[in-house]
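Remarks on the structure that follows.
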Amino acid sequence: MTFLKTDRVGGVVIVLLLITTGVFGTLLLLDLLAIGPGYPPPEALQKWYIPQPRYEYAENGSMIVNRTINGDIVLLGDIEEGCPSLFPVFSRHCNYAMYADTGSDDRYLVVNWYFDDNADLLQAEMDLCSRLRAAGNVSFSELILSKEPDPSQSGSIFDPVAITRFESETSSGYFTVVEKPLSPEHDDYFIAYFGVVGSAPLSDHTAALEDLMLRSYSFNGARPLAFC
Amino acid sequence: MKRILPVLLVLLLIVSALLPVTGAATTTVGSHQNTEFSPACDRTVSVQTASSIASLKINEIAGNIPGFENWQKGDVEFSTTYYDLEGAPSAYSFDILVNGQRFGYILISATRNNYPILEFSKGFTPDKYPALMMCSSDLANSFAEKLELKPGDAKLLYLGATFYYAEFPLTDCEGIKQDSVIIDLTTPSVIDEFPTKIPVTDEFMRQQQTKQNEIKALWDALDDQMRASGPTTVAESATGTSGYVNGVPTYLWQRGCSPTASAMVLGYWDSHGYPNFPEEAPLIQELAIAMGTTTEGSTWPWDIDDSIDEVCANHGYSSMDSSDDAWMTFDEVKSEVDAQRPFVLSMWSGGTPVGGDRPYGDHSVAAAGYHDYTEDWVSVHDTWDTQIHNIVYGNWWGAMATWVRP
């Protein structure tokens, strides 16, 4: 009788073991075969907020680069690695690009600083702010990036973006900070600058700068520079 | 489980990475023995031959890959020999010099058992980064100290796409080698153990045979080119068939690579007769919800086709038919592109794109073209930028196509 009882318990244990192994194996398989997240590497993120050209193939198979960003605004040259001489190197992941308005010949500059650590971001913001204050006028502002209405989208079509407005003799424009815009689970921090090159009233170039920002990545949750 | 998974994945990656380099030496079982690729045959490629191949190939690359145009005027300079675990040369790297300035490198196989062109890039191999080498050296020192041994000079190993290691011999106080330690140069970290035995199945043997046939065909084509060895043959080699679907948008990564890649495909159809789809961001969001993409951005690939169908139906396109194909062939890629239908390509352990610095890993991309040259390339929009990238067909551990057909 005792033998039979032990045998039955053993059987139950084996079945439970098989079920556990099966469940564990299935979970393992599900996790191993899942695709993604395919997260962009730092080399891609260092130009994340810089409007990029479009590429297509011509009939003869050669590659065409379409540098028109929007309307008359075109990318001049390529997206450059490193920071422009106007601004210091706060992050080793820094890229910038120059744009021109082919109608007015005005020049625009977009800079993207990428950080994978919040402490580095805060330090950079502190340094940047003190330098900006020394070089020109700094103030808080908000931009309304308007989009064409999309009937399939519900909710607001206007996205207010909190920015730091900077005006100086060499360049004037908008700084904004975006934290974890790709995923709340991934430490990505950006400082983006959209500005006009030279001494020019910023209000005359708001439309062009907004165009560039609309051709960029999401500014959802963007904030102005801290310490400014 | 999350702690175990990376370890298992790394083991799998190492096994798959070892296949091209050591596969021929380890897969000799019973009636499957492949004498053509047995280690008995000397299939080593000399540095001189590799240098000629590098010179020939940089012209081909300059003529075909955007951003590499200045390689046309480049010279190649031998840089490094890499070895496999058996100590045999596995690859040679050559620096590309234009007017005396370095503009990248090309890695040529040191054995005919592997693909002739292994990598090329405008960047550097990991061993050229002093910080990585210093860190590896420190790791080797710490490891040696525990065993009361001293590390010697590192030997560089290349064990397949992006798998770079440094092997440090460990000697005793009399200078006699007692052990060795291998450091992964990309992490960097100590590799405890490499799997030495690979399970040999019929399916495995079939795949290996197919792979070796491809490799042989590439070397044969290269031999023909080298024999003709004139600048005109370079132009001829650059010709072949290619196809591309223009009008596929290039979206940057949002919510996950699979919903982003799928949105690019639907974005194409939005401007080609199916205009009811929402804009980029809400479309990606809708696809991510339908696919059950995790907050981290991972997606179960067999859900991609059903989710695309669901989203299409939501916007009035029930006739759109998506289907998975885990056995995608290059001919199918060509016919799909020629029919002007982009598709989602999901890769497991995807390799480095042509001219790139980083492997794709487990990644979904929108496939929109092909190049059928001496190598077969698939042109993709990879969600990391707006450029068109090319990946060598088969440069992955596994891949699944999701065809999207109206």
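Lettering and numbering for the structure tokens are positional, with chains as A, B, ... in the shown order, residues counted from 1 in each chain, and ligands counted from 1 in the shown order.
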
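All residues of protein, DNA or RNA that reach within 8 Å of stretch 91-97 of chain A, judged by only C-alpha atoms and not counting those fewer than 3 positions away in the chain, are A:Pro42, A:Glu43, A:Gln46, A:Lys47, A:Ile50, A:Leu75, A:Leu76, A:Gly77, A:Asp78, A:Ile79, A:Glu80, A:Glu81, A:Gly82, A:Cys83, A:Pro84, A:Leu109, A:Val110, A:Val111, A:Asn112, A:Trp113, A:Tyr114, A:Phe115, A:Ala124.
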
Report task. Give the alpha helix (DSSP H) residues of stretch 91-201 of chain B, as DSSP finds them on the backbone, and put them as an MDAnalysis selection string. Result -> chainID B and resid 130:146

Could you write out that same residue set with N, CA, C and O atoms as a PDB file, in the first residue's frame?
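Listed below is the output, selection.pdb:
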ATOM      1  N   PRO B 130      42.530  52.101 -28.611  1.00  0.00           N
ATOM      2  CA  PRO B 130      43.452  51.906 -27.476  1.00  0.00           C
ATOM      3  C   PRO B 130      42.721  51.619 -26.164  1.00  0.00           C
ATOM      4  O   PRO B 130      43.172  50.792 -25.366  1.00  0.00           O
ATOM      5  N   ALA B 131      41.576  52.296 -25.946  1.00  0.00           N
ATOM      6  CA  ALA B 131      40.863  52.102 -24.677  1.00  0.00           C
ATOM      7  C   ALA B 131      40.382  50.656 -24.535  1.00  0.00           C
ATOM      8  O   ALA B 131      40.482  50.057 -23.455  1.00  0.00           O
ATOM      9  N   LEU B 132      39.882  50.075 -25.635  1.00  0.00           N
ATOM     10  CA  LEU B 132      39.402  48.681 -25.593  1.00  0.00           C
ATOM     11  C   LEU B 132      40.557  47.721 -25.347  1.00  0.00           C
ATOM     12  O   LEU B 132      40.434  46.770 -24.566  1.00  0.00           O
ATOM     13  N   MET B 133      41.689  47.983 -26.008  1.00  0.00           N
ATOM     14  CA  MET B 133      42.839  47.092 -25.842  1.00  0.00           C
ATOM     15  C   MET B 133      43.401  47.187 -24.417  1.00  0.00           C
ATOM     16  O   MET B 133      43.801  46.187 -23.826  1.00  0.00           O
ATOM     17  N   MET B 134      43.393  48.418 -23.875  1.00  0.00           N
ATOM     18  CA  MET B 134      43.897  48.607 -22.510  1.00  0.00           C
ATOM     19  C   MET B 134      42.998  47.874 -21.507  1.00  0.00           C
ATOM     20  O   MET B 134      43.473  47.197 -20.609  1.00  0.00           O
ATOM     21  N   CYS B 135      41.692  48.011 -21.733  1.00  0.00           N
ATOM     22  CA  CYS B 135      40.725  47.359 -20.845  1.00  0.00           C
ATOM     23  C   CYS B 135      40.887  45.831 -20.932  1.00  0.00           C
ATOM     24  O   CYS B 135      40.854  45.144 -19.914  1.00  0.00           O
ATOM     25  N   SER B 136      41.095  45.325 -22.146  1.00  0.00           N
ATOM     26  CA  SER B 136      41.284  43.874 -22.334  1.00  0.00           C
ATOM     27  C   SER B 136      42.550  43.415 -21.624  1.00  0.00           C
ATOM     28  O   SER B 136      42.579  42.352 -20.999  1.00  0.00           O
ATOM     29  N   SER B 137      43.583  44.234 -21.737  1.00  0.00           N
ATOM     30  CA  SER B 137      44.850  43.906 -21.101  1.00  0.00           C
ATOM     31  C   SER B 137      44.698  43.856 -19.570  1.00  0.00           C
ATOM     32  O   SER B 137      45.232  42.957 -18.904  1.00  0.00           O
ATOM     33  N   ASP B 138      43.946  44.822 -19.045  1.00  0.00           N
ATOM     34  CA  ASP B 138      43.689  44.841 -17.594  1.00  0.00           C
ATOM     35  C   ASP B 138      42.934  43.588 -17.154  1.00  0.00           C
ATOM     36  O   ASP B 138      43.237  42.991 -16.117  1.00  0.00           O
ATOM     37  N   LEU B 139      41.943  43.203 -17.969  1.00  0.00           N
ATOM     38  CA  LEU B 139      41.160  41.996 -17.641  1.00  0.00           C
ATOM     39  C   LEU B 139      42.051  40.758 -17.642  1.00  0.00           C
ATOM     40  O   LEU B 139      41.948  39.891 -16.766  1.00  0.00           O
ATOM     41  N   ALA B 140      42.923  40.693 -18.654  1.00  0.00           N
ATOM     42  CA  ALA B 140      43.844  39.541 -18.746  1.00  0.00           C
ATOM     43  C   ALA B 140      44.784  39.522 -17.535  1.00  0.00           C
ATOM     44  O   ALA B 140      45.075  38.456 -16.970  1.00  0.00           O
ATOM     45  N   ASN B 141      45.259  40.698 -17.136  1.00  0.00           N
ATOM     46  CA  ASN B 141      46.142  40.799 -15.969  1.00  0.00           C
ATOM     47  C   ASN B 141      45.458  40.287 -14.705  1.00  0.00           C
ATOM     48  O   ASN B 141      46.025  39.511 -13.938  1.00  0.00           O
ATOM     49  N   SER B 142      44.206  40.754 -14.498  1.00  0.00           N
ATOM     50  CA  SER B 142      43.460  40.333 -13.300  1.00  0.00           C
ATOM     51  C   SER B 142      43.248  38.828 -13.310  1.00  0.00           C
ATOM     52  O   SER B 142      43.386  38.156 -12.290  1.00  0.00           O
ATOM     53  N   PHE B 143      42.909  38.300 -14.490  1.00  0.00           N
ATOM     54  CA  PHE B 143      42.664  36.866 -14.622  1.00  0.00           C
ATOM     55  C   PHE B 143      43.945  36.074 -14.309  1.00  0.00           C
ATOM     56  O   PHE B 143      43.920  35.072 -13.593  1.00  0.00           O
ATOM     57  N   ALA B 144      45.052  36.583 -14.858  1.00  0.00           N
ATOM     58  CA  ALA B 144      46.337  35.895 -14.666  1.00  0.00           C
ATOM     59  C   ALA B 144      46.766  35.920 -13.198  1.00  0.00           C
ATOM     60  O   ALA B 144      47.290  34.934 -12.674  1.00  0.00           O
ATOM     61  N   GLU B 145      46.541  37.054 -12.545  1.00  0.00           N
ATOM     62  CA  GLU B 145      46.944  37.200 -11.139  1.00  0.00           C
ATOM     63  C   GLU B 145      46.282  36.147 -10.250  1.00  0.00           C
ATOM     64  O   GLU B 145      46.902  35.594  -9.349  1.00  0.00           O
ATOM     65  N   LYS B 146      44.982  35.889 -10.539  1.00  0.00           N
ATOM     66  CA  LYS B 146      44.259  34.884  -9.751  1.00  0.00           C
ATOM     67  C   LYS B 146      44.922  33.515  -9.858  1.00  0.00           C
ATOM     68  O   LYS B 146      44.881  32.702  -8.954  1.00  0.00           O
TER      69      LYS B 146
END

Report summary line: Shortest contact to B:Leu345, candidates A:Lys180, A:Ile35, A:Thr68, A:Ala44, atoms counted only C-alpha atoms, goes to A:Ile35

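Here atom CA of B:Leu218 is placed at a distance of 15.0 Å from atom CA of B:Thr49.
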
Closest pair table for chain B residues within 8 Å of chain A, only C-alpha atoms, as JSON lines:
{"residue": "B:Met1", "atom": "CA", "partner": "A:Leu28", "partner_atom": "CA", "distance": 7.7}
{"residue": "B:Leu5", "atom": "CA", "partner": "A:Leu32", "partner_atom": "CA", "distance": 7.4}
{"residue": "B:Leu9", "atom": "CA", "partner": "A:Leu32", "partner_atom": "CA", "distance": 7.4}
{"residue": "B:Pro66", "atom": "CA", "partner": "A:Met63", "partner_atom": "CA", "distance": 7.1}
{"residue": "B:Ser242", "atom": "CA", "partner": "A:Gly61", "partner_atom": "CA", "distance": 7.3}
{"residue": "B:Gly243", "atom": "CA", "partner": "A:Gly61", "partner_atom": "CA", "distance": 7.7}
{"residue": "B:Tyr244", "atom": "CA", "partner": "A:Tyr57", "partner_atom": "CA", "distance": 6.9}
{"residue": "B:Asn246", "atom": "CA", "partner": "A:Glu56", "partner_atom": "CA", "distance": 6.1}
{"residue": "B:Gly247", "atom": "CA", "partner": "A:Glu56", "partner_atom": "CA", "distance": 7.7}
{"residue": "B:Thr250", "atom": "CA", "partner": "A:Arg54", "partner_atom": "CA", "distance": 7.7}
{"residue": "B:Leu252", "atom": "CA", "partner": "A:Tyr217", "partner_atom": "CA", "distance": 7.8}
{"residue": "B:Trp253", "atom": "CA", "partner": "A:Pro40", "partner_atom": "CA", "distance": 7.2}
{"residue": "B:Gln254", "atom": "CA", "partner": "A:Leu182", "partner_atom": "CA", "distance": 6.0}
{"residue": "B:Arg255", "atom": "CA", "partner": "A:Leu182", "partner_atom": "CA", "distance": 6.9}
{"residue": "B:Gly256", "atom": "CA", "partner": "A:Pro37", "partner_atom": "CA", "distance": 5.1}
{"residue": "B:Cys257", "atom": "CA", "partner": "A:Gly38", "partner_atom": "CA", "distance": 5.4}
{"residue": "B:Ser258", "atom": "CA", "partner": "A:Gly36", "partner_atom": "CA", "distance": 7.0}
{"residue": "B:Asn276", "atom": "CA", "partner": "A:Ser152", "partner_atom": "CA", "distance": 7.9}
{"residue": "B:Phe277", "atom": "CA", "partner": "A:Ser152", "partner_atom": "CA", "distance": 7.9}
{"residue": "B:Pro278", "atom": "CA", "partner": "A:Ser152", "partner_atom": "CA", "distance": 5.8}
{"residue": "B:Glu279", "atom": "CA", "partner": "A:Asp150", "partner_atom": "CA", "distance": 7.7}
{"residue": "B:Pro282", "atom": "CA", "partner": "A:Gln153", "partner_atom": "CA", "distance": 7.5}
{"residue": "B:Thr295", "atom": "CA", "partner": "A:Ser183", "partner_atom": "CA", "distance": 7.3}
{"residue": "B:Glu296", "atom": "CA", "partner": "A:Pro37", "partner_atom": "CA", "distance": 6.3}
{"residue": "B:Gly297", "atom": "CA", "partner": "A:Pro37", "partner_atom": "CA", "distance": 4.2}
{"residue": "B:Ser298", "atom": "CA", "partner": "A:Gly36", "partner_atom": "CA", "distance": 4.3}
{"residue": "B:Thr299", "atom": "CA", "partner": "A:Ile35", "partner_atom": "CA", "distance": 5.2}
{"residue": "B:Trp300", "atom": "CA", "partner": "A:Ala34", "partner_atom": "CA", "distance": 4.6}
{"residue": "B:Pro301", "atom": "CA", "partner": "A:Ile35", "partner_atom": "CA", "distance": 6.1}
{"residue": "B:Ser346", "atom": "CA", "partner": "A:Ile35", "partner_atom": "CA", "distance": 6.9}
{"residue": "B:Met347", "atom": "CA", "partner": "A:Ile35", "partner_atom": "CA", "distance": 7.4}
{"residue": "B:Trp348", "atom": "CA", "partner": "A:Ile35", "partner_atom": "CA", "distance": 7.0}
{"residue": "B:Tyr360", "atom": "CA", "partner": "A:Gly38", "partner_atom": "CA", "distance": 7.1}
{"residue": "B:Gly361", "atom": "CA", "partner": "A:Gly38", "partner_atom": "CA", "distance": 7.1}
{"residue": "B:Asp362", "atom": "CA", "partner": "A:Ile35", "partner_atom": "CA", "distance": 5.1}
{"residue": "B:His363", "atom": "CA", "partner": "A:Gly38", "partner_atom": "CA", "distance": 4.7}
{"residue": "B:Ser364", "atom": "CA", "partner": "A:Ile35", "partner_atom": "CA", "distance": 6.9}
{"residue": "B:Thr383", "atom": "CA", "partner": "A:Pro40", "partner_atom": "CA", "distance": 7.6}
{"residue": "B:Trp384", "atom": "CA", "partner": "A:Pro40", "partner_atom": "CA", "distance": 5.3}
{"residue": "B:Asp385", "atom": "CA", "partner": "A:Ala44", "partner_atom": "CA", "distance": 6.5}
{"residue": "B:Thr386", "atom": "CA", "partner": "A:Arg54", "partner_atom": "CA", "distance": 6.1}
{"residue": "B:Gln387", "atom": "CA", "partner": "A:Tyr55", "partner_atom": "CA", "distance": 6.0}
{"residue": "B:Ile388", "atom": "CA", "partner": "A:Tyr55", "partner_atom": "CA", "distance": 6.6}

Selection to disk with N, CA and C atoms, as a compact mmCIF listing (two decimals), in the first residue's frame:
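This went into again.txt:
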# COMPACT_ATOMS: atom_id res chain seq x y z
N MET B 1 15.19 34.37 -15.37
CA MET B 1 15.37 33.85 -16.73
C MET B 1 16.14 34.84 -17.60
N LEU B 5 19.19 34.03 -20.27
CA LEU B 5 18.99 34.22 -21.71
C LEU B 5 20.20 34.82 -22.43
N LEU B 9 22.09 33.03 -25.41
CA LEU B 9 22.13 33.72 -26.69
C LEU B 9 23.56 33.89 -27.17
N PRO B 66 26.91 54.33 -51.54
CA PRO B 66 26.98 55.77 -51.26
C PRO B 66 27.85 56.04 -50.03
N SER B 242 19.85 44.73 -60.36
CA SER B 242 19.42 45.30 -59.10
C SER B 242 18.00 45.83 -59.28
N GLY B 243 17.32 45.96 -58.18
CA GLY B 243 15.96 46.48 -58.24
C GLY B 243 15.66 47.24 -56.97
N TYR B 244 14.75 48.18 -57.07
CA TYR B 244 14.43 48.96 -55.90
C TYR B 244 13.00 49.47 -55.96
N ASN B 246 11.01 52.50 -55.07
CA ASN B 246 11.08 53.88 -54.61
C ASN B 246 9.79 54.27 -53.91
N GLY B 247 9.87 55.21 -53.00
CA GLY B 247 8.66 55.71 -52.35
C GLY B 247 8.37 55.06 -51.01
N THR B 250 11.18 56.51 -44.88
CA THR B 250 12.20 56.07 -43.92
C THR B 250 11.83 56.63 -42.54
N LEU B 252 12.12 56.74 -38.43
CA LEU B 252 13.06 56.42 -37.36
C LEU B 252 12.35 55.58 -36.29
N TRP B 253 13.11 54.80 -35.58
CA TRP B 253 12.63 53.84 -34.57
C TRP B 253 11.64 54.49 -33.60
N GLN B 254 10.49 53.88 -33.47
CA GLN B 254 9.50 54.27 -32.45
C GLN B 254 8.82 53.01 -31.95
N ARG B 255 8.68 52.83 -30.68
CA ARG B 255 7.93 51.74 -30.04
C ARG B 255 8.53 50.35 -30.26
N GLY B 256 9.35 50.17 -31.28
CA GLY B 256 9.94 48.86 -31.57
C GLY B 256 10.27 48.80 -33.05
N CYS B 257 11.24 47.94 -33.40
CA CYS B 257 11.65 47.91 -34.81
C CYS B 257 10.58 47.28 -35.69
N SER B 258 9.86 46.27 -35.18
CA SER B 258 8.87 45.58 -36.03
C SER B 258 7.70 46.50 -36.40
N ASN B 276 -5.85 55.69 -46.77
CA ASN B 276 -6.56 55.89 -45.49
C ASN B 276 -5.72 55.66 -44.24
N PHE B 277 -4.46 55.24 -44.42
CA PHE B 277 -3.66 54.96 -43.23
C PHE B 277 -3.32 56.26 -42.51
N PRO B 278 -3.22 56.24 -41.17
CA PRO B 278 -2.85 57.45 -40.44
C PRO B 278 -1.39 57.83 -40.69
N GLU B 279 -0.98 58.93 -40.07
CA GLU B 279 0.41 59.39 -40.21
C GLU B 279 1.36 58.45 -39.49
N PRO B 282 0.99 57.76 -35.26
CA PRO B 282 -0.17 56.95 -34.86
C PRO B 282 -0.22 55.59 -35.55
N THR B 295 6.90 46.94 -23.93
CA THR B 295 7.32 48.33 -23.68
C THR B 295 8.79 48.51 -24.06
N GLU B 296 9.55 47.41 -24.00
CA GLU B 296 10.96 47.49 -24.41
C GLU B 296 11.09 47.58 -25.92
N GLY B 297 10.08 47.07 -26.66
CA GLY B 297 10.11 47.14 -28.12
C GLY B 297 10.28 45.80 -28.81
N SER B 298 10.13 44.69 -28.06
CA SER B 298 10.26 43.36 -28.67
C SER B 298 8.91 42.87 -29.19
N THR B 299 8.96 42.12 -30.28
CA THR B 299 7.73 41.64 -30.92
C THR B 299 7.89 40.17 -31.28
N TRP B 300 6.83 39.41 -31.06
CA TRP B 300 6.82 38.01 -31.49
C TRP B 300 6.60 38.02 -33.01
N PRO B 301 7.60 37.58 -33.79
CA PRO B 301 7.56 37.82 -35.24
C PRO B 301 6.39 37.18 -35.96
N SER B 346 12.57 40.35 -40.88
CA SER B 346 12.93 40.21 -39.46
C SER B 346 14.09 39.23 -39.34
N MET B 347 15.18 39.71 -38.72
CA MET B 347 16.40 38.88 -38.64
C MET B 347 16.69 38.47 -37.21
N TRP B 348 17.12 37.24 -37.06
CA TRP B 348 17.69 36.80 -35.78
C TRP B 348 19.21 36.85 -35.93
N TYR B 360 23.14 44.05 -36.81
CA TYR B 360 21.74 44.36 -36.54
C TYR B 360 21.19 43.58 -35.35
N GLY B 361 21.69 42.39 -35.13
CA GLY B 361 21.12 41.57 -34.04
C GLY B 361 19.71 41.14 -34.39
N ASP B 362 18.87 41.06 -33.38
CA ASP B 362 17.46 40.68 -33.63
C ASP B 362 16.73 41.95 -34.05
N HIS B 363 16.43 42.07 -35.31
CA HIS B 363 15.98 43.38 -35.81
C HIS B 363 15.05 43.21 -37.01
N SER B 364 14.01 44.04 -37.04
CA SER B 364 13.14 44.09 -38.22
C SER B 364 13.45 45.35 -39.01
N THR B 383 15.49 51.72 -39.76
CA THR B 383 14.88 52.45 -38.62
C THR B 383 15.90 53.26 -37.82
N TRP B 384 17.18 53.18 -38.18
CA TRP B 384 18.21 53.90 -37.41
C TRP B 384 18.57 55.23 -38.06
N ASP B 385 18.31 55.37 -39.34
CA ASP B 385 18.50 56.64 -40.04
C ASP B 385 17.70 56.60 -41.33
N THR B 386 17.89 57.62 -42.19
CA THR B 386 17.06 57.66 -43.41
C THR B 386 17.80 57.09 -44.62
N GLN B 387 18.98 56.53 -44.40
CA GLN B 387 19.74 56.00 -45.53
C GLN B 387 19.23 54.63 -45.97
N ILE B 388 19.62 54.27 -47.19
CA ILE B 388 19.34 52.91 -47.67
C ILE B 388 20.57 52.07 -47.38

Query raised in the report: Which value, in Å to one decimal, gives the distance between atom CA of B:Ile215 and atom CA of B:Glu77?
Result: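 So the two atoms, atom CA of B:Ile215 and atom CA of B:Glu77, lie 25.0 Å apart.
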
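Every protein or nucleic acid residue with an atom no more than 7 Å from A:Ala162, counting only C-alpha atoms and leaving out same-chain residues fewer than 2 positions away, appears here: A:Ser141, A:Glu142, A:Leu143, A:Pro160, A:Thr176, A:Ala222, A:Arg223, A:Pro224.
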
How about saving the chosen residues, N, CA and C atoms kept, as a PDB file, in the first residue's frame?
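So the final result, stored in out.pdb, reads:
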ATOM      1  N   SER A 141      10.664  80.043 -23.279  1.00  0.00           N
ATOM      2  CA  SER A 141       9.562  80.288 -24.202  1.00  0.00           C
ATOM      3  C   SER A 141       8.877  78.968 -24.550  1.00  0.00           C
ATOM      4  N   GLU A 142       7.849  79.072 -25.341  1.00  0.00           N
ATOM      5  CA  GLU A 142       7.120  77.868 -25.762  1.00  0.00           C
ATOM      6  C   GLU A 142       6.784  78.003 -27.239  1.00  0.00           C
ATOM      7  N   LEU A 143       6.939  76.947 -27.975  1.00  0.00           N
ATOM      8  CA  LEU A 143       6.626  76.986 -29.412  1.00  0.00           C
ATOM      9  C   LEU A 143       5.413  76.101 -29.672  1.00  0.00           C
ATOM     10  N   PRO A 160       2.638  71.903 -28.056  1.00  0.00           N
ATOM     11  CA  PRO A 160       3.499  72.936 -27.503  1.00  0.00           C
ATOM     12  C   PRO A 160       4.836  72.344 -27.063  1.00  0.00           C
ATOM     13  N   THR A 176      16.263  72.829 -26.729  1.00  0.00           N
ATOM     14  CA  THR A 176      15.272  72.031 -26.008  1.00  0.00           C
ATOM     15  C   THR A 176      15.899  70.718 -25.550  1.00  0.00           C
ATOM     16  N   ALA A 222       9.214  67.569 -24.159  1.00  0.00           N
ATOM     17  CA  ALA A 222      10.453  68.368 -24.185  1.00  0.00           C
ATOM     18  C   ALA A 222      10.385  69.473 -23.132  1.00  0.00           C
ATOM     19  N   ARG A 223      11.533  69.871 -22.649  1.00  0.00           N
ATOM     20  CA  ARG A 223      11.604  70.925 -21.629  1.00  0.00           C
ATOM     21  C   ARG A 223      12.748  71.869 -21.976  1.00  0.00           C
ATOM     22  N   PRO A 224      12.732  73.086 -21.389  1.00  0.00           N
ATOM     23  CA  PRO A 224      13.858  73.998 -21.637  1.00  0.00           C
ATOM     24  C   PRO A 224      15.096  73.534 -20.877  1.00  0.00           C
TER      25      PRO A 224
END

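Reported to one decimal place, the separation of atom CA of A:Tyr108 from atom CA of A:Leu225 is 20.4 Å.
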
Query raised in the report: Any idea what's packed within 9 Å of A:Ser172, counting only C-alpha atoms, ignoring anything in its chain fewer than 4 positions away? Could you give it as JSON, numbers by chain?
Result: {"A": [136, 165, 166, 167, 168, 194, 195, 196, 197, 198, 199, 200, 201, 202]}

Could those residues be written to a file, using C-alpha atoms, as an mmCIF file, in the first residue's frame?
data_model
loop_
_atom_site.group_PDB
_atom_site.id
_atom_site.type_symbol
_atom_site.label_atom_id
_atom_site.label_comp_id
_atom_site.auth_asym_id
_atom_site.auth_seq_id
_atom_site.Cartn_x
_atom_site.Cartn_y
_atom_site.Cartn_z
ATOM 1 C CA GLY A 136 23.911 86.459 -25.248
ATOM 2 C CA ARG A 165 15.348 80.968 -26.400
ATOM 3 C CA PHE A 166 18.902 82.139 -27.104
ATOM 4 C CA GLU A 167 19.847 85.339 -28.917
ATOM 5 C CA SER A 168 23.391 86.443 -29.732
ATOM 6 C CA PHE A 194 17.709 74.859 -33.899
ATOM 7 C CA GLY A 195 19.132 78.269 -34.774
ATOM 8 C CA VAL A 196 19.801 80.838 -37.449
ATOM 9 C CA VAL A 197 23.429 81.636 -38.203
ATOM 10 C CA GLY A 198 24.605 85.231 -37.775
ATOM 11 C CA SER A 199 23.055 88.292 -36.240
ATOM 12 C CA ALA A 200 19.385 88.119 -37.202
ATOM 13 C CA PRO A 201 16.111 88.791 -35.380
ATOM 14 C CA LEU A 202 14.905 85.393 -34.205
#

Requested in this report: Please identify which residues in stretch 114-150 of chain A DSSP calls strand (DSSP E or B) from the backbone, and express them as a PyMOL selection string.
Outcome: chain A and resi 114-115+137-146

Would you save the residues of that selection, restricted to N, CA and C atoms, as a short mmCIF file (atom, residue, chain, number, x, y, z; two decimals), in the first residue's frame?
data_model
loop_
_atom_site.label_atom_id
_atom_site.label_comp_id
_atom_site.auth_asym_id
_atom_site.auth_seq_id
_atom_site.Cartn_x
_atom_site.Cartn_y
_atom_site.Cartn_z
N TYR A 114 23.87 63.97 -27.66
CA TYR A 114 23.22 62.77 -27.11
C TYR A 114 23.97 62.31 -25.85
N PHE A 115 23.22 61.93 -24.84
CA PHE A 115 23.79 61.43 -23.58
C PHE A 115 23.08 60.13 -23.19
N ASN A 137 21.55 86.65 -24.81
CA ASN A 137 20.35 86.68 -23.97
C ASN A 137 19.68 85.31 -23.95
N VAL A 138 19.23 84.93 -22.76
CA VAL A 138 18.60 83.62 -22.59
C VAL A 138 17.24 83.82 -21.93
N SER A 139 16.22 83.17 -22.48
CA SER A 139 14.89 83.27 -21.85
C SER A 139 14.09 81.99 -22.10
N PHE A 140 13.05 81.83 -21.32
CA PHE A 140 12.18 80.66 -21.48
C PHE A 140 11.06 81.00 -22.47
N SER A 141 10.66 80.04 -23.28
CA SER A 141 9.56 80.29 -24.20
C SER A 141 8.88 78.97 -24.55
N GLU A 142 7.85 79.07 -25.34
CA GLU A 142 7.12 77.87 -25.76
C GLU A 142 6.78 78.00 -27.24
N LEU A 143 6.94 76.95 -27.98
CA LEU A 143 6.63 76.99 -29.41
C LEU A 143 5.41 76.10 -29.67
N ILE A 144 4.59 76.53 -30.60
CA ILE A 144 3.48 75.68 -31.02
C ILE A 144 3.84 75.15 -32.40
N LEU A 145 4.16 73.88 -32.46
CA LEU A 145 4.49 73.27 -33.75
C LEU A 145 3.19 72.82 -34.41
N SER A 146 2.73 73.57 -35.37
CA SER A 146 1.44 73.24 -35.99
C SER A 146 1.66 72.25 -37.13
#

Query raised in the report: If you count only C-alpha atoms, which residues fall within 9 Å of B:Ser271, apart from same-chain ones fewer than 4 positions away, as a PyMOL selection string?
Result: chain B and resi 247-248+266-267+275

Selection above as a file: N, CA and C atoms, as a CSV table (one decimal), in the first residue's frame:
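Saved result, out.csv, follows:
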chain,number,residue,atom,x,y,z
B,247,GLY,N,9.9,55.2,-53.0
B,247,GLY,CA,8.7,55.7,-52.3
B,247,GLY,C,8.4,55.1,-51.0
B,248,VAL,N,9.3,54.2,-50.6
B,248,VAL,CA,9.1,53.6,-49.2
B,248,VAL,C,9.6,54.6,-48.2
B,266,LEU,N,3.5,49.9,-44.9
B,266,LEU,CA,2.1,50.5,-45.1
B,266,LEU,C,2.2,51.9,-45.5
B,267,GLY,N,3.2,52.7,-45.1
B,267,GLY,CA,3.4,54.1,-45.5
B,267,GLY,C,3.6,54.1,-47.0
B,275,PRO,N,-4.9,55.3,-49.4
B,275,PRO,CA,-4.5,56.5,-48.7
B,275,PRO,C,-5.2,56.7,-47.3

Report as a compact mmCIF listing (two decimals) with C-alpha atoms, in the first residue's frame all protein, DNA and RNA residues lying within 9 Å of B:Thr111, evaluated on only C-alpha atoms, omitting residues in the same chain fewer than 4 positions from it.
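See selection.txt below for the written result:
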# COMPACT_ATOMS: atom_id res chain seq x y z
CA VAL B 21 35.48 29.63 -39.66
CA ASP B 42 45.35 23.83 -47.96
CA ARG B 43 42.77 26.52 -48.43
CA THR B 44 44.80 29.31 -46.90
CA VAL B 45 44.83 32.65 -48.69
CA SER B 46 48.14 34.51 -48.68
CA ALA B 88 45.29 29.34 -38.22
CA PRO B 89 44.91 32.73 -39.93
CA SER B 90 41.21 33.57 -40.32
CA ALA B 91 41.28 37.11 -41.74
CA TYR B 115 33.27 34.33 -47.61
CA PRO B 116 36.02 36.35 -49.35
